[in-house]
$ cat protein25.cif   # mmCIF, C-alpha atoms and all ligand atoms
data_query
#
loop_
_atom_site.label_atom_id
_atom_site.label_comp_id
_atom_site.auth_asym_id
_atom_site.auth_seq_id
_atom_site.Cartn_x
_atom_site.Cartn_y
_atom_site.Cartn_z
CA MET A 1 -6.80 3.20 -66.93
CA LEU A 2 -6.16 5.88 -64.36
CA ILE A 3 -8.22 9.07 -64.19
CA ALA A 4 -6.95 11.91 -62.03
CA LEU A 5 -9.82 13.82 -60.43
CA PHE A 6 -8.99 17.41 -59.52
CA PRO A 7 -12.19 19.00 -58.14
CA GLY A 8 -10.50 22.27 -57.11
CA ASP A 9 -12.37 25.21 -55.62
CA GLY A 10 -15.85 26.67 -55.25
CA ILE A 11 -18.40 24.60 -57.16
CA GLY A 12 -15.66 22.30 -58.47
CA PRO A 13 -16.24 19.43 -56.00
CA GLU A 14 -20.04 19.47 -56.57
CA ILE A 15 -19.86 19.30 -60.34
CA VAL A 16 -17.05 16.74 -60.49
CA ALA A 17 -19.05 14.51 -58.13
CA GLN A 18 -21.92 14.44 -60.64
CA ALA A 19 -19.61 13.65 -63.55
CA ARG A 20 -18.13 10.80 -61.49
CA ARG A 21 -21.62 9.38 -60.83
CA VAL A 22 -22.29 9.36 -64.56
CA LEU A 23 -18.94 7.71 -65.33
CA ASP A 24 -19.60 5.07 -62.66
CA ALA A 25 -23.04 4.37 -64.11
CA LEU A 26 -21.46 3.50 -67.48
CA GLY A 27 -20.00 0.42 -65.80
CA ILE A 28 -16.68 0.58 -67.65
CA ASP A 29 -14.26 -2.12 -66.48
CA GLY A 30 -10.74 -1.10 -65.52
CA LEU A 31 -11.25 2.60 -64.80
CA THR A 32 -9.57 3.70 -61.58
CA TYR A 33 -9.63 7.12 -59.97
CA GLU A 34 -7.24 9.06 -57.76
CA GLU A 35 -8.09 12.47 -56.38
CA GLY A 36 -5.61 15.35 -56.12
CA LEU A 37 -5.56 18.82 -54.59
CA VAL A 38 -5.41 21.85 -56.89
CA GLY A 39 -6.01 25.57 -56.72
CA GLY A 40 -7.00 27.41 -53.59
CA ALA A 41 -7.89 24.12 -51.89
CA ALA A 42 -4.30 22.94 -52.42
CA TYR A 43 -2.86 26.26 -51.32
CA LYS A 44 -4.86 26.16 -48.10
CA ALA A 45 -3.91 22.53 -47.40
CA VAL A 46 -0.22 22.48 -48.36
CA GLY A 47 0.81 26.02 -49.35
CA HIS A 48 0.92 25.67 -53.16
CA PRO A 49 -1.82 25.65 -55.85
CA LEU A 50 -0.11 22.82 -57.76
CA PRO A 51 1.72 20.59 -55.26
CA PRO A 52 4.32 18.09 -56.59
CA GLU A 53 2.06 15.12 -55.68
CA THR A 54 -0.71 16.58 -57.84
CA LEU A 55 1.62 17.11 -60.79
CA ASP A 56 2.98 13.60 -60.37
CA LEU A 57 -0.56 12.16 -60.37
CA ALA A 58 -1.41 14.21 -63.46
CA LYS A 59 1.59 12.82 -65.32
CA ARG A 60 0.83 9.21 -64.30
CA ALA A 61 -2.82 9.44 -65.28
CA ASP A 62 -4.29 8.62 -68.67
CA ALA A 63 -6.56 11.64 -68.34
CA ILE A 64 -7.46 14.40 -65.91
CA LEU A 65 -11.00 15.44 -65.02
CA PHE A 66 -10.79 18.94 -63.60
CA GLY A 67 -13.44 21.03 -61.89
CA ALA A 68 -12.54 24.68 -61.46
CA VAL A 69 -10.06 26.88 -59.65
CA GLY A 70 -10.39 30.34 -58.17
CA ASP A 71 -10.92 31.46 -54.58
CA PRO A 72 -11.45 35.05 -53.42
CA ASP A 73 -9.60 34.20 -50.18
CA CYS A 74 -6.46 33.93 -52.34
CA ASP A 75 -6.86 37.26 -54.18
CA SER A 76 -4.09 38.97 -52.25
CA LEU A 77 -1.53 36.19 -52.73
CA GLU A 78 1.49 36.66 -54.97
CA ARG A 79 0.59 35.65 -58.52
CA HIS A 80 2.57 32.38 -58.54
CA LEU A 81 0.55 31.17 -55.54
CA ARG A 82 -2.88 32.06 -56.92
CA PRO A 83 -5.30 29.17 -57.61
CA GLU A 84 -5.31 29.85 -61.37
CA GLN A 85 -1.61 28.96 -61.51
CA ALA A 86 -2.64 25.32 -61.01
CA ILE A 87 -4.23 25.16 -64.41
CA LEU A 88 -1.54 27.20 -66.15
CA GLY A 89 1.11 25.05 -64.45
CA LEU A 90 -0.53 21.81 -65.56
CA ARG A 91 -0.82 23.05 -69.14
CA LYS A 92 2.82 24.07 -69.22
CA ALA A 93 4.31 21.08 -67.38
CA MET A 94 2.40 18.57 -69.48
CA GLY A 95 2.61 20.37 -72.81
CA LEU A 96 -1.19 20.69 -72.95
CA PHE A 97 -1.33 23.20 -75.79
CA SER A 98 -4.51 22.46 -77.72
CA ASN A 99 -7.69 23.49 -75.99
CA LEU A 100 -10.83 22.35 -77.80
CA ARG A 101 -14.01 24.16 -76.87
CA PRO A 102 -17.08 23.00 -78.80
CA ALA A 103 -20.19 25.19 -78.74
CA LYS A 104 -23.42 23.73 -80.03
CA VAL A 105 -26.98 24.58 -79.19
CA PHE A 106 -29.13 21.84 -77.74
CA PRO A 107 -32.48 22.55 -79.48
CA GLU A 108 -34.30 22.71 -76.14
CA LEU A 109 -32.00 25.50 -74.97
CA ALA A 110 -32.28 27.81 -77.96
CA ASP A 111 -34.69 29.95 -75.91
CA ALA A 112 -32.06 30.34 -73.16
CA SER A 113 -29.57 31.89 -75.59
CA ALA A 114 -28.78 35.57 -75.40
CA LEU A 115 -29.44 35.58 -79.17
CA LYS A 116 -32.63 35.29 -81.21
CA LYS A 117 -33.71 31.66 -81.43
CA GLU A 118 -33.12 31.38 -85.22
CA VAL A 119 -29.62 32.81 -84.86
CA ALA A 120 -28.75 30.64 -81.86
CA SER A 121 -30.05 27.45 -83.46
CA ALA A 122 -27.38 27.70 -86.17
CA ILE A 123 -24.46 27.54 -83.73
CA ASP A 124 -22.24 24.52 -84.17
CA LEU A 125 -18.64 25.60 -83.83
CA LEU A 126 -15.37 24.55 -82.29
CA ILE A 127 -12.87 26.97 -80.81
CA VAL A 128 -9.29 25.67 -80.92
CA ARG A 129 -7.40 27.75 -78.40
CA GLU A 130 -3.63 27.66 -77.95
CA THR A 131 -2.80 27.28 -74.24
CA ASN A 132 0.98 27.13 -73.89
CA GLY A 133 1.94 30.64 -74.95
CA ASP A 134 0.74 34.21 -75.33
CA VAL A 135 0.45 36.88 -72.68
CA TYR A 136 -0.50 34.32 -70.00
CA PHE A 137 3.02 32.89 -70.02
CA GLY A 138 5.11 35.91 -71.00
CA GLU A 139 7.29 37.80 -68.60
CA LYS A 140 5.16 39.82 -66.22
CA GLY A 141 5.67 42.14 -63.35
CA MET A 142 5.17 45.49 -61.67
CA ARG A 143 7.60 48.35 -61.93
CA LYS A 144 7.81 52.09 -61.52
CA THR A 145 7.95 54.43 -64.50
CA ALA A 146 10.52 57.24 -64.62
CA ASP A 147 7.78 59.50 -63.20
CA GLY A 148 7.26 57.14 -60.27
CA LEU A 149 3.95 55.72 -61.53
CA ARG A 150 3.20 52.06 -60.88
CA GLU A 151 3.20 50.11 -64.15
CA GLY A 152 2.10 46.50 -64.67
CA TYR A 153 3.32 44.57 -67.70
CA ASP A 154 2.63 41.19 -69.30
CA ILE A 155 4.64 40.38 -72.39
CA MET A 156 2.67 38.84 -75.25
CA SER A 157 4.77 36.49 -77.36
CA TYR A 158 4.41 33.52 -79.68
CA ASN A 159 7.11 31.68 -81.54
CA GLU A 160 6.47 30.15 -84.93
CA GLU A 161 6.61 26.57 -83.65
CA GLN A 162 3.83 27.24 -81.15
CA VAL A 163 1.67 28.78 -83.88
CA ARG A 164 2.45 26.00 -86.35
CA LYS A 165 1.42 23.31 -83.86
CA ILE A 166 -1.94 24.86 -83.05
CA ALA A 167 -2.56 25.72 -86.71
CA HIS A 168 -2.24 22.01 -87.58
CA GLN A 169 -4.75 21.22 -84.83
CA GLY A 170 -7.16 23.76 -86.29
CA PHE A 171 -6.81 22.42 -89.83
CA HIS A 172 -7.20 18.81 -88.67
CA ALA A 173 -10.33 19.71 -86.72
CA ALA A 174 -11.79 21.59 -89.68
CA ARG A 175 -11.06 18.68 -92.00
CA ALA A 176 -12.99 16.35 -89.66
CA ARG A 177 -15.94 18.78 -89.54
CA ARG A 178 -17.31 21.07 -92.28
CA GLY A 179 -13.95 22.05 -93.80
CA LYS A 180 -13.88 25.73 -92.74
CA LEU A 181 -11.22 27.30 -90.57
CA CYS A 182 -11.28 30.91 -89.37
CA SER A 183 -8.03 32.13 -87.82
CA VAL A 184 -8.62 34.94 -85.33
CA ASP A 185 -5.88 37.46 -84.55
CA LYS A 186 -5.26 41.19 -84.28
CA ALA A 187 -2.69 41.43 -87.06
CA ASN A 188 -3.49 45.10 -87.75
CA VAL A 189 -2.00 46.01 -84.36
CA LEU A 190 0.09 43.20 -82.86
CA GLU A 191 3.38 41.70 -84.05
CA THR A 192 2.48 38.36 -82.43
CA SER A 193 -0.66 38.35 -84.53
CA GLN A 194 1.25 39.17 -87.73
CA LEU A 195 3.48 36.16 -87.09
CA TRP A 196 0.36 34.13 -86.25
CA ARG A 197 -1.26 35.03 -89.56
CA ASP A 198 1.90 34.41 -91.61
CA VAL A 199 2.44 30.97 -90.07
CA VAL A 200 -1.22 29.93 -90.42
CA ILE A 201 -1.02 30.83 -94.12
CA GLU A 202 2.19 28.77 -94.49
CA VAL A 203 0.56 25.76 -92.81
CA SER A 204 -2.55 26.12 -94.99
CA ALA A 205 -0.53 24.90 -98.00
CA GLU A 206 -0.77 21.39 -96.48
CA TYR A 207 -4.57 21.60 -96.27
CA PRO A 208 -5.87 22.66 -99.70
CA ASP A 209 -9.22 21.02 -98.87
CA VAL A 210 -9.86 23.41 -95.93
CA ALA A 211 -11.26 26.88 -96.62
CA LEU A 212 -9.17 29.31 -94.57
CA SER A 213 -10.29 32.80 -93.58
CA HIS A 214 -8.86 35.40 -91.19
CA MET A 215 -10.68 37.71 -88.84
CA TYR A 216 -9.59 40.36 -86.37
CA VAL A 217 -10.64 39.45 -82.86
CA ASP A 218 -12.87 42.49 -82.40
CA ASN A 219 -14.77 41.61 -85.55
CA ALA A 220 -14.92 37.95 -84.48
CA ALA A 221 -16.56 38.98 -81.19
CA MET A 222 -19.17 40.92 -83.15
CA GLN A 223 -19.72 38.16 -85.72
CA LEU A 224 -20.22 35.58 -82.96
CA VAL A 225 -23.28 37.52 -81.88
CA ARG A 226 -24.44 38.70 -85.32
CA ASP A 227 -24.11 35.47 -87.28
CA PRO A 228 -22.47 32.63 -85.31
CA GLY A 229 -23.69 30.05 -87.83
CA GLN A 230 -20.95 31.22 -90.24
CA PHE A 231 -18.25 29.59 -88.06
CA ASP A 232 -17.11 26.00 -88.22
CA VAL A 233 -13.66 25.93 -86.53
CA ILE A 234 -12.00 28.99 -85.03
CA VAL A 235 -8.27 28.76 -84.27
CA THR A 236 -6.84 31.45 -82.04
CA GLY A 237 -4.39 32.38 -79.31
CA ASN A 238 -4.63 31.86 -75.60
CA MET A 239 -6.23 35.12 -74.50
CA PHE A 240 -8.49 35.67 -77.52
CA GLY A 241 -9.70 32.05 -77.21
CA ASP A 242 -10.38 32.42 -73.50
CA ILE A 243 -12.57 35.46 -74.10
CA LEU A 244 -14.34 34.31 -77.28
CA SER A 245 -15.30 30.95 -75.80
CA ASP A 246 -16.94 32.59 -72.78
CA GLN A 247 -18.82 34.79 -75.22
CA ALA A 248 -19.85 31.74 -77.25
CA SER A 249 -21.22 30.15 -74.08
CA MET A 250 -23.86 32.84 -73.69
CA CYS A 251 -24.81 32.29 -77.31
CA VAL A 252 -25.58 28.63 -76.57
CA GLY A 253 -27.55 29.38 -73.43
CA SER A 254 -25.24 29.19 -70.44
CA ILE A 255 -21.60 28.94 -69.53
CA GLY A 256 -22.72 25.95 -67.49
CA MET A 257 -23.07 23.97 -70.72
CA LEU A 258 -19.61 24.30 -72.30
CA ALA A 259 -17.12 21.46 -71.98
CA SER A 260 -13.48 21.45 -73.00
CA ALA A 261 -10.49 19.24 -73.66
CA THR A 262 -6.86 20.34 -73.57
CA LEU A 263 -4.55 17.88 -75.29
CA ASN A 264 -0.82 17.36 -75.62
CA ASP A 265 1.13 15.60 -78.35
CA SER A 266 0.41 12.17 -76.82
CA ASN A 267 -3.34 12.83 -76.56
CA GLN A 268 -3.07 12.89 -72.81
CA GLY A 269 -5.76 15.36 -71.86
CA LEU A 270 -7.17 17.63 -69.22
CA TYR A 271 -10.96 17.88 -69.33
CA GLU A 272 -12.88 20.65 -67.65
CA PRO A 273 -15.91 22.89 -67.91
CA ILE A 274 -14.90 26.25 -69.36
CA HIS A 275 -16.48 28.06 -66.41
CA GLY A 276 -14.68 28.95 -63.23
CA SER A 277 -15.28 28.16 -59.57
CA ALA A 278 -18.33 30.46 -59.07
CA PRO A 279 -17.58 31.06 -55.37
CA ASP A 280 -20.84 33.03 -54.98
CA ILE A 281 -22.91 29.85 -55.36
CA ALA A 282 -20.43 27.29 -54.00
CA GLY A 283 -21.93 24.70 -51.67
CA GLN A 284 -25.51 25.76 -52.43
CA GLY A 285 -26.35 23.02 -54.92
CA LYS A 286 -27.12 25.58 -57.63
CA ALA A 287 -24.32 24.81 -60.08
CA ASN A 288 -25.08 23.21 -63.42
CA PRO A 289 -22.93 20.04 -63.66
CA LEU A 290 -23.62 19.42 -67.37
CA ALA A 291 -20.44 21.11 -68.69
CA THR A 292 -18.42 18.76 -66.46
CA VAL A 293 -20.50 15.75 -67.45
CA LEU A 294 -19.94 16.66 -71.12
CA SER A 295 -16.22 17.14 -70.39
CA ALA A 296 -16.18 13.56 -69.08
CA ALA A 297 -17.68 12.51 -72.42
CA MET A 298 -14.88 14.34 -74.25
CA MET A 299 -12.38 12.52 -72.03
CA LEU A 300 -13.81 9.16 -73.06
CA ARG A 301 -13.69 10.18 -76.72
CA TYR A 302 -10.24 11.78 -76.96
CA SER A 303 -8.00 10.22 -74.32
CA LEU A 304 -9.61 6.86 -73.53
CA ALA A 305 -10.73 5.87 -77.05
CA MET A 306 -14.27 5.00 -75.90
CA PRO A 307 -16.46 6.87 -78.41
CA GLU A 308 -19.56 4.73 -77.78
CA GLN A 309 -19.48 5.55 -74.08
CA ALA A 310 -19.00 9.24 -74.92
CA ASP A 311 -22.04 9.05 -77.21
CA ARG A 312 -24.06 7.48 -74.38
CA ILE A 313 -23.31 10.41 -72.07
CA GLU A 314 -24.02 13.05 -74.70
CA ALA A 315 -27.30 11.38 -75.66
CA ALA A 316 -28.33 11.16 -72.00
CA VAL A 317 -27.65 14.88 -71.51
CA ALA A 318 -29.74 15.69 -74.59
CA ARG A 319 -32.60 13.51 -73.31
CA ALA A 320 -32.40 15.02 -69.83
CA LEU A 321 -32.70 18.52 -71.33
CA ALA A 322 -35.52 17.41 -73.63
CA GLY A 323 -37.25 16.03 -70.53
CA GLY A 324 -37.09 19.47 -68.91
CA ALA A 325 -33.98 19.26 -66.70
CA ARG A 326 -33.06 22.86 -65.91
CA SER A 327 -30.68 24.26 -63.31
CA PRO A 328 -31.01 27.94 -62.32
CA ASP A 329 -28.58 29.13 -65.04
CA LEU A 330 -30.97 27.57 -67.58
CA GLY A 331 -34.00 29.22 -66.04
CA GLY A 332 -35.01 26.27 -63.84
CA THR A 333 -34.86 25.27 -60.20
CA MET A 334 -33.15 21.88 -60.22
CA SER A 335 -30.19 21.36 -57.92
CA THR A 336 -26.77 20.11 -58.97
CA VAL A 337 -27.60 16.61 -57.71
CA GLU A 338 -31.03 16.63 -59.39
CA MET A 339 -29.36 17.54 -62.70
CA GLY A 340 -27.05 14.55 -62.18
CA ASP A 341 -30.09 12.37 -61.35
CA ALA A 342 -31.78 13.53 -64.56
CA VAL A 343 -28.80 12.45 -66.68
CA LEU A 344 -28.55 9.10 -64.88
CA ALA A 345 -32.28 8.51 -65.37
CA THR A 346 -31.90 8.73 -69.15
CA LEU A 347 -28.55 6.97 -69.52
CA ASN A 348 -28.95 3.89 -71.74
N1 LIG Y 401 -12.66 25.19 -65.25
C1 LIG Y 401 -12.01 26.33 -65.71
C2 LIG Y 401 -11.35 27.14 -64.66
O1 LIG Y 401 -11.24 26.74 -63.53
N2 LIG Y 401 -10.93 28.33 -65.06
C3 LIG Y 401 -10.22 29.21 -64.21
C4 LIG Y 401 -8.96 29.70 -64.86
O2 LIG Y 401 -7.98 29.91 -64.19
N3 LIG Y 401 -8.95 29.90 -66.16
C5 LIG Y 401 -7.84 30.40 -66.87
C6 LIG Y 401 -7.74 29.82 -68.23
O3 LIG Y 401 -8.55 28.98 -68.60
O4 LIG Y 401 -6.79 30.18 -68.93
#
$ encode --input "protein25.cif" --output "structure tokens" --more "lines below"
Ligand code: GGG
Amino acid sequence: MLIALFPGDGIGPEIVAQARRVLDALGIDGLTYEEGLVGGAAYKAVGHPLPPETLDLAKRADAILFGAVGDPDCDSLERHLRPEQAILGLRKAMGLFSNLRPAKVFPELADASALKKEVASAIDLLIVRETNGDVYFGEKGMRKTADGLREGYDIMSYNEEQVRKIAHQGFHAARARRGKLCSVDKANVLETSQLWRDVVIEVSAEYPDVALSHMYVDNAAMQLVRDPGQFDVIVTGNMFGDILSDQASMCVGSIGMLASATLNDSNQGLYEPIHGSAPDIAGQGKANPLATVLSAAMMLRYSLAMPEQADRIEAAVARALAGGARSPDLGGTMSTVEMGDAVLATLN
């Protein structure tokens, strides 16, 4: 099986290297790796954030392990050349529409949460974020108003098929968990959200065993802090999901802990930490690699059908944390490599 490794920018190479060490230590026969350029690194090397060779490798691979993209050196580039277009381009070109972002508190990290320990300890939720539509992919541009003012615009749109597909993902996920699905939208203001809500309700007829609720995104942001234990699965659009999952990360202790999978219809997947490239700490050995290590576990579970190996990684991470492994984002002093060492030391 072929795994495409796309380390990307900033801390990306450091964290992907640790995930690779953990995968190697599992001793799985038949896994091969090929590395590709993405993001600012690709732009600097060949003039495009998602070169054709990278896209070709992504399509040939059984799964993609991705680090992070984003580089301040590229801030003044035209939008289609910015590092972030690599990830949007991969999602679009490969139909990667279902982004799964689990958030669960490791008991040892409840103190690191921005929330009170009792509140944080109850968090065990999954955000199902749509990643092929919404304002990220709508028509965008800059223009002048009639009064000569500069005006930026990004069109937010969803069609019913896009909503139906992600709604099914949400219901399936809820069925496999605690049977509760909360659909998050802004239907009191946005037409896209009204369609979203209507379609989710239509799809719900096929899942009478799942308890469906609806919440406006502003309320959802508040409830995630007030009482996150109420959520099982949240299904939402691209932008709302992007924001809410970063918020959820602070509830579980650190954005350095949250893994993700983005799947297409054939369960081909892109696996990445939800955090970005953190250029301010790049190359300093301060980054927490655990979100990437846990993303590798998701890759084994969802795309490579190796649940036992995924369990081994997740258990090793839990033991490493229980044994006191802490990078600076978790209040400790361990380096990126030492965090990788700690996981390897407890891998059974
Ligand atoms: N590892 C996540 C990452 O690199 N994020 C940067 C980014 O461009 N995010 C946009 C998005 O997730 O929609």
$ closest_residue --input "protein25.cif" --among "A:Gly285, A:Gly138, A:Pro72, A:Gly241" --to "ligand LIG 401 (chain Y)" --atoms "all atoms listed in the file"
A:Gly241
$ axis_aligned_box --input "protein25.cif" --around "ligand LIG 401 (chain Y)" --padding-each-side "8 Å" --output "JSON"
{"center_x": -9.7, "center_y": 27.8, "center_z": -66.2, "size_x": 21.9, "size_y": 21.2, "size_z": 21.4}
$ atom_distance --input "protein25.cif" --atom1 "atom O1 of ligand LIG 401 (chain Y)" --atom2 "atom CA of Met142 of chain A"
25.0 Å
$ atom_distance --input "protein25.cif" --atom1 "atom CA of Lys116 of chain A" --atom2 "atom CA of Asp218 of chain A"
21.1 Å
$ atom_distance --input "protein25.cif" --atom1 "atom CA of Gln284 of chain A" --atom2 "atom CA of Pro83 of chain A"
21.1 Å
$ closest_residue --input "protein25.cif" --among "A:Gly141, A:Val233, A:Met239, A:Leu304" --to "Lys186 of chain A" --atoms "only C-alpha atoms"
A:Met239
$ residues_near_ligand --input "protein25.cif" --ligand "ligand LIG 401 (chain Y)" --cutoff "6 Å" --atoms "only C-alpha atoms and all ligand atoms" --output "list in words"
Gly67, Ala68, Val69, Glu84, Glu272, Pro273, Ile274, His275, Gly276 and Ser277 of chain A
$ write_last_selection --input "protein25.cif" --atoms "C-alpha atoms" --output "mmCIF file, in the coordinates of the input"
data_model
loop_
_atom_site.group_PDB
_atom_site.id
_atom_site.type_symbol
_atom_site.label_atom_id
_atom_site.label_comp_id
_atom_site.auth_asym_id
_atom_site.auth_seq_id
_atom_site.Cartn_x
_atom_site.Cartn_y
_atom_site.Cartn_z
ATOM 1 C CA GLY A 67 -13.440 21.030 -61.890
ATOM 2 C CA ALA A 68 -12.540 24.680 -61.460
ATOM 3 C CA VAL A 69 -10.060 26.880 -59.650
ATOM 4 C CA GLU A 84 -5.310 29.850 -61.370
ATOM 5 C CA GLU A 272 -12.880 20.650 -67.650
ATOM 6 C CA PRO A 273 -15.910 22.890 -67.910
ATOM 7 C CA ILE A 274 -14.900 26.250 -69.360
ATOM 8 C CA HIS A 275 -16.480 28.060 -66.410
ATOM 9 C CA GLY A 276 -14.680 28.950 -63.230
ATOM 10 C CA SER A 277 -15.280 28.160 -59.570
#
$ closest_residue --input "protein25.cif" --among "A:Glu139, A:His80, A:Gln169, A:Asp311" --to "Gly152 of chain A" --atoms "only C-alpha atoms"
A:Glu139
$ closest_residue --input "protein25.cif" --among "A:Thr145, A:Phe97, A:Met222, A:Leu190" --to "Glu161 of chain A" --atoms "only C-alpha atoms"
A:Phe97
$ closest_residue --input "protein25.cif" --among "A:Ala114, A:Cys74, A:Ile11, A:Ala173" --to "Gly47 of chain A" --atoms "all atoms listed in the file"
A:Cys74
$ closest_residue --input "protein25.cif" --among "A:Val22, A:Ala296, A:Ile201, A:Ala310" --to "Ala345 of chain A" --atoms "only C-alpha atoms"
A:Val22
$ residues_near_point --input "protein25.cif" --point "(1.4, 17.1, -73.1)" --cutoff "7 Å" --atoms "all atoms listed in the file" --output "CSV table (one decimal) with C-alpha atoms, in the frame of the given file"
chain,number,residue,atom,x,y,z
A,94,MET,CA,2.4,18.6,-69.5
A,95,GLY,CA,2.6,20.4,-72.8
A,96,LEU,CA,-1.2,20.7,-73.0
A,263,LEU,CA,-4.6,17.9,-75.3
A,264,ASN,CA,-0.8,17.4,-75.6
A,265,ASP,CA,1.1,15.6,-78.4
A,266,SER,CA,0.4,12.2,-76.8
A,268,GLN,CA,-3.1,12.9,-72.8
$ residues_around --input "protein25.cif" --residues "Asp62 of chain A" --least-positions-apart "4" --cutoff "7 Å" --atoms "all atoms listed in the file" --output "compact mmCIF listing (two decimals) with C-alpha atoms, in the frame of the given file"
# COMPACT_ATOMS: atom_id res chain seq x y z
CA MET A 1 -6.80 3.20 -66.93
CA LEU A 2 -6.16 5.88 -64.36
CA ILE A 3 -8.22 9.07 -64.19
CA GLN A 268 -3.07 12.89 -72.81
CA SER A 303 -8.00 10.22 -74.32
$ residues_around --input "protein25.cif" --residues "Thr346 of chain A" --least-positions-apart "2" --cutoff "10 Å" --atoms "all atoms listed in the file" --output "mmCIF file with C-alpha atoms, in the coordinates of the input"
data_model
loop_
_atom_site.group_PDB
_atom_site.id
_atom_site.type_symbol
_atom_site.label_atom_id
_atom_site.label_comp_id
_atom_site.auth_asym_id
_atom_site.auth_seq_id
_atom_site.Cartn_x
_atom_site.Cartn_y
_atom_site.Cartn_z
ATOM 1 C CA ARG A 312 -24.060 7.480 -74.380
ATOM 2 C CA ILE A 313 -23.310 10.410 -72.070
ATOM 3 C CA ALA A 315 -27.300 11.380 -75.660
ATOM 4 C CA ALA A 316 -28.330 11.160 -72.000
ATOM 5 C CA VAL A 317 -27.650 14.880 -71.510
ATOM 6 C CA ALA A 318 -29.740 15.690 -74.590
ATOM 7 C CA ARG A 319 -32.600 13.510 -73.310
ATOM 8 C CA ALA A 320 -32.400 15.020 -69.830
ATOM 9 C CA GLY A 323 -37.250 16.030 -70.530
ATOM 10 C CA ASP A 341 -30.090 12.370 -61.350
ATOM 11 C CA ALA A 342 -31.780 13.530 -64.560
ATOM 12 C CA VAL A 343 -28.800 12.450 -66.680
ATOM 13 C CA LEU A 344 -28.550 9.100 -64.880
ATOM 14 C CA ASN A 348 -28.950 3.890 -71.740
#
$ residues_around --input "protein25.cif" --residues "Leu81 of chain A" --least-positions-apart "4" --cutoff "8 Å" --atoms "all atoms listed in the file" --output "VMD selection string"
chain A and resid 43 48 to 49 77 85
$ decode --input "protein25.cif" --residues "segment 178-226 of chain A" --atoms "C-alpha atoms" --output "CSV table (one decimal), in the first residue's frame"
chain,number,residue,atom,x,y,z
A,178,ARG,CA,-24.0,7.6,20.9
A,179,GLY,CA,-26.9,8.2,18.4
A,180,LYS,CA,-27.0,12.0,18.6
A,181,LEU,CA,-26.5,14.4,15.8
A,182,CYS,CA,-26.5,18.2,16.1
A,183,SER,CA,-26.6,20.1,12.8
A,184,VAL,CA,-25.0,23.5,13.0
A,185,ASP,CA,-26.1,26.3,10.7
A,186,LYS,CA,-27.1,29.9,10.6
A,187,ALA,CA,-30.6,29.4,9.2
A,188,ASN,CA,-32.0,32.6,10.8
A,189,VAL,CA,-29.8,34.6,8.5
A,190,LEU,CA,-28.4,32.6,5.5
A,191,GLU,CA,-30.1,31.0,2.6
A,192,THR,CA,-27.4,28.4,2.3
A,193,SER,CA,-28.2,27.5,5.9
A,194,GLN,CA,-31.9,27.3,5.3
A,195,LEU,CA,-31.2,24.8,2.5
A,196,TRP,CA,-28.8,23.0,4.8
A,197,ARG,CA,-31.4,22.6,7.5
A,198,ASP,CA,-34.2,21.5,5.1
A,199,VAL,CA,-32.0,18.9,3.5
A,200,VAL,CA,-30.7,17.5,6.8
A,201,ILE,CA,-34.3,17.2,8.0
A,202,GLU,CA,-35.2,15.3,4.7
A,203,VAL,CA,-32.2,12.9,5.2
A,204,SER,CA,-33.2,12.3,8.8
A,205,ALA,CA,-36.2,10.3,7.7
A,206,GLU,CA,-33.7,7.5,6.8
A,207,TYR,CA,-32.2,7.5,10.3
A,208,PRO,CA,-35.1,7.3,12.8
A,209,ASP,CA,-32.7,5.8,15.4
A,210,VAL,CA,-30.6,9.0,15.5
A,211,ALA,CA,-31.8,12.0,17.6
A,212,LEU,CA,-31.4,15.1,15.5
A,213,SER,CA,-31.1,18.6,16.8
A,214,HIS,CA,-30.3,21.9,15.2
A,215,MET,CA,-28.2,24.8,16.5
A,216,TYR,CA,-27.2,28.2,15.2
A,217,VAL,CA,-23.5,28.5,14.9
A,218,ASP,CA,-23.2,31.3,17.4
A,219,ASN,CA,-25.0,29.3,20.0
A,220,ALA,CA,-22.9,26.2,19.1
A,221,ALA,CA,-19.7,28.2,19.8
A,222,MET,CA,-21.1,29.2,23.2
A,223,GLN,CA,-22.4,25.7,24.1
A,224,LEU,CA,-19.0,24.2,23.2
A,225,VAL,CA,-17.5,26.2,26.1
A,226,ARG,CA,-20.5,26.1,28.4
